[in-house]
Amino acid sequence: MAIKVNKKTCIGCGACVQTCPEVFEMEDSGKAKVKAQKDLPCVKSAIEECPVDAISK
Ligand code: SF4
């Protein structure tokens, strides 16, 4: 299991970081990245909330 953010698709809206800050953070490029591979319930929420479906696991 690996949580991934597709950097090509991510529009940098920040929703995943708001929803699941233990797993996602914004990087300097303005895109989200995975900072910790933790299979928390909020990962599922972030996947559902991402407007461009950039998160997978
Ligand atoms: S919710 Fe999706 S589009 Fe928004 S920052 Fe996270 S990965 Fe990128």
# chains A, B, ... in the order shown; residues from 1 in each chain; ligands from 1

$ select_by_dssp --residues "chain A" --states "helix (DSSP H, G or I)" --output "MDAnalysis selection string"
chainID A and resid 15:19 41:49

$ write_last_selection --atoms "all heavy atoms" --output "CSV table (one decimal), in the first residue's frame"
chain,number,residue,atom,x,y,z
A,15,ALA,N,-6.9,21.1,-0.2
A,15,ALA,CA,-8.0,20.4,0.5
A,15,ALA,C,-7.5,19.1,1.3
A,15,ALA,O,-7.9,18.9,2.4
A,15,ALA,CB,-9.1,20.0,-0.5
A,16,CYS,N,-6.6,18.4,0.7
A,16,CYS,CA,-6.1,17.2,1.3
A,16,CYS,C,-5.3,17.5,2.6
A,16,CYS,O,-5.4,16.8,3.6
A,16,CYS,CB,-5.2,16.3,0.4
A,16,CYS,SG,-3.9,17.3,-0.4
A,17,VAL,N,-4.6,18.6,2.6
A,17,VAL,CA,-3.8,19.0,3.7
A,17,VAL,C,-4.7,19.4,4.9
A,17,VAL,O,-4.5,19.1,6.0
A,17,VAL,CB,-2.8,20.2,3.4
A,17,VAL,CG1,-2.0,20.6,4.6
A,17,VAL,CG2,-1.9,19.7,2.3
A,18,GLN,N,-5.8,20.1,4.5
A,18,GLN,CA,-6.8,20.5,5.5
A,18,GLN,C,-7.5,19.3,6.1
A,18,GLN,O,-7.7,19.2,7.3
A,18,GLN,CB,-7.9,21.4,4.8
A,18,GLN,CG,-7.4,22.7,4.4
A,18,GLN,CD,-7.8,23.8,5.4
A,18,GLN,OE1,-8.9,23.7,6.0
A,18,GLN,NE2,-6.9,24.7,5.6
A,19,THR,N,-7.8,18.3,5.3
A,19,THR,CA,-8.5,17.1,5.7
A,19,THR,C,-7.7,16.2,6.4
A,19,THR,O,-8.1,15.5,7.4
A,19,THR,CB,-9.1,16.4,4.4
A,19,THR,OG1,-10.0,17.4,3.8
A,19,THR,CG2,-9.9,15.2,4.8
A,41,PRO,N,-8.1,7.0,8.5
A,41,PRO,CA,-9.4,7.1,7.9
A,41,PRO,C,-9.5,8.4,7.0
A,41,PRO,O,-10.2,8.5,6.0
A,41,PRO,CB,-10.3,7.2,9.0
A,41,PRO,CG,-9.6,6.5,10.1
A,41,PRO,CD,-8.2,6.7,9.9
A,42,CYS,N,-8.7,9.5,7.4
A,42,CYS,CA,-8.8,10.7,6.7
A,42,CYS,C,-8.2,10.6,5.3
A,42,CYS,O,-8.5,11.5,4.5
A,42,CYS,CB,-8.2,11.9,7.5
A,42,CYS,SG,-6.4,11.7,7.8
A,43,VAL,N,-7.4,9.6,5.0
A,43,VAL,CA,-6.9,9.5,3.7
A,43,VAL,C,-8.0,9.2,2.7
A,43,VAL,O,-8.1,9.8,1.6
A,43,VAL,CB,-5.8,8.3,3.6
A,43,VAL,CG1,-5.4,8.0,2.2
A,43,VAL,CG2,-4.6,8.7,4.5
A,44,LYS,N,-8.9,8.4,3.1
A,44,LYS,CA,-10.1,8.1,2.3
A,44,LYS,C,-10.9,9.3,2.1
A,44,LYS,O,-11.3,9.6,0.9
A,44,LYS,CB,-11.0,7.0,3.0
A,44,LYS,CG,-12.1,6.5,2.1
A,44,LYS,CD,-12.7,5.3,2.7
A,44,LYS,CE,-13.9,4.7,1.9
A,44,LYS,NZ,-15.1,5.5,2.1
A,45,SER,N,-11.1,10.1,3.1
A,45,SER,CA,-11.8,11.4,2.9
A,45,SER,C,-11.1,12.3,2.0
A,45,SER,O,-11.7,13.0,1.1
A,45,SER,CB,-11.9,12.1,4.3
A,45,SER,OG,-12.6,11.3,5.2
A,46,ALA,N,-9.8,12.4,2.1
A,46,ALA,CA,-9.0,13.2,1.2
A,46,ALA,C,-9.1,12.8,-0.3
A,46,ALA,O,-9.3,13.6,-1.2
A,46,ALA,CB,-7.5,13.3,1.6
A,47,ILE,N,-9.1,11.5,-0.5
A,47,ILE,CA,-9.3,10.9,-1.8
A,47,ILE,C,-10.6,11.4,-2.4
A,47,ILE,O,-10.7,11.8,-3.5
A,47,ILE,CB,-9.1,9.4,-1.8
A,47,ILE,CG1,-7.7,9.0,-1.6
A,47,ILE,CG2,-9.6,8.8,-3.1
A,47,ILE,CD1,-7.5,7.5,-1.3
A,48,GLU,N,-11.6,11.3,-1.6
A,48,GLU,CA,-13.0,11.6,-2.0
A,48,GLU,C,-13.1,13.1,-2.3
A,48,GLU,O,-13.9,13.5,-3.2
A,48,GLU,CB,-14.0,11.2,-1.0
A,48,GLU,CG,-14.1,9.6,-1.0
A,48,GLU,CD,-15.0,9.1,0.2
A,48,GLU,OE1,-15.5,10.0,1.0
A,48,GLU,OE2,-15.2,7.9,0.3
A,49,GLU,N,-12.4,13.9,-1.5
A,49,GLU,CA,-12.6,15.4,-1.6
A,49,GLU,C,-11.7,16.0,-2.6
A,49,GLU,O,-12.0,17.1,-3.1
A,49,GLU,CB,-12.3,16.0,-0.2
A,49,GLU,CG,-13.4,15.8,0.8
A,49,GLU,CD,-13.0,16.2,2.2
A,49,GLU,OE1,-12.0,17.0,2.4
A,49,GLU,OE2,-13.6,15.7,3.1

$ residues_near_ligand --ligand "ligand 1" --cutoff "6 Å" --atoms "only C-alpha atoms and all ligand atoms" --output "list in words"
Val5, Cys10, Ile11, Gly12, Cys13, Gly14, Ala15, Cys16, Lys31, Ala32, Cys50, Pro51, Val52, Ala54 and Ile55 of chain A

$ closest_residue --among "A:Phe24, A:Lys33, A:Ala2, A:Lys38" --to "A:Lys57" --atoms "only C-alpha atoms"
A:Ala2

$ select_by_dssp --residues "chain A" --states "strand (DSSP E)" --output "PDB file with N, CA, C and O atoms, in the first residue's frame"
ATOM      1  N   LYS A   4      -0.334   8.011  -2.872  1.00  0.00           N
ATOM      2  CA  LYS A   4       0.391   8.813  -3.859  1.00  0.00           C
ATOM      3  C   LYS A   4      -0.406  10.044  -4.259  1.00  0.00           C
ATOM      4  O   LYS A   4      -1.629   9.999  -4.327  1.00  0.00           O
ATOM      5  N   VAL A   5       0.326  11.111  -4.556  1.00  0.00           N
ATOM      6  CA  VAL A   5      -0.288  12.293  -5.164  1.00  0.00           C
ATOM      7  C   VAL A   5       0.274  12.419  -6.577  1.00  0.00           C
ATOM      8  O   VAL A   5       1.489  12.431  -6.770  1.00  0.00           O
ATOM      9  N   PHE A  24      -0.640  14.523   4.464  1.00  0.00           N
ATOM     10  CA  PHE A  24      -0.325  15.379   3.314  1.00  0.00           C
ATOM     11  C   PHE A  24       0.247  16.717   3.762  1.00  0.00           C
ATOM     12  O   PHE A  24      -0.123  17.241   4.808  1.00  0.00           O
ATOM     13  N   GLU A  25       1.132  17.259   2.947  1.00  0.00           N
ATOM     14  CA  GLU A  25       1.603  18.621   3.160  1.00  0.00           C
ATOM     15  C   GLU A  25       1.852  19.258   1.803  1.00  0.00           C
ATOM     16  O   GLU A  25       2.020  18.569   0.799  1.00  0.00           O
ATOM     17  N   MET A  26       1.873  20.594   1.790  1.00  0.00           N
ATOM     18  CA  MET A  26       2.162  21.304   0.544  1.00  0.00           C
ATOM     19  C   MET A  26       3.669  21.421   0.403  1.00  0.00           C
ATOM     20  O   MET A  26       4.387  21.700   1.366  1.00  0.00           O
ATOM     21  N   ALA A  32       0.656  19.224  -3.578  1.00  0.00           N
ATOM     22  CA  ALA A  32       0.628  18.436  -2.344  1.00  0.00           C
ATOM     23  C   ALA A  32       1.606  17.271  -2.458  1.00  0.00           C
ATOM     24  O   ALA A  32       1.926  16.815  -3.553  1.00  0.00           O
ATOM     25  N   LYS A  33       2.082  16.824  -1.295  1.00  0.00           N
ATOM     26  CA  LYS A  33       2.887  15.604  -1.296  1.00  0.00           C
ATOM     27  C   LYS A  33       2.539  14.770  -0.069  1.00  0.00           C
ATOM     28  O   LYS A  33       1.961  15.272   0.904  1.00  0.00           O
ATOM     29  N   VAL A  34       2.905  13.516  -0.132  1.00  0.00           N
ATOM     30  CA  VAL A  34       2.688  12.610   0.988  1.00  0.00           C
ATOM     31  C   VAL A  34       3.890  12.721   1.911  1.00  0.00           C
ATOM     32  O   VAL A  34       5.023  12.502   1.496  1.00  0.00           O
ATOM     33  N   ILE A  55      -5.269  11.850  -5.860  1.00  0.00           N
ATOM     34  CA  ILE A  55      -4.735  11.007  -4.786  1.00  0.00           C
ATOM     35  C   ILE A  55      -5.157   9.563  -5.020  1.00  0.00           C
ATOM     36  O   ILE A  55      -6.309   9.288  -5.339  1.00  0.00           O
ATOM     37  N   SER A  56      -4.215   8.668  -4.844  1.00  0.00           N
ATOM     38  CA  SER A  56      -4.534   7.241  -4.957  1.00  0.00           C
ATOM     39  C   SER A  56      -3.798   6.483  -3.874  1.00  0.00           C
ATOM     40  O   SER A  56      -2.854   6.974  -3.271  1.00  0.00           O
TER      41      SER A  56
END
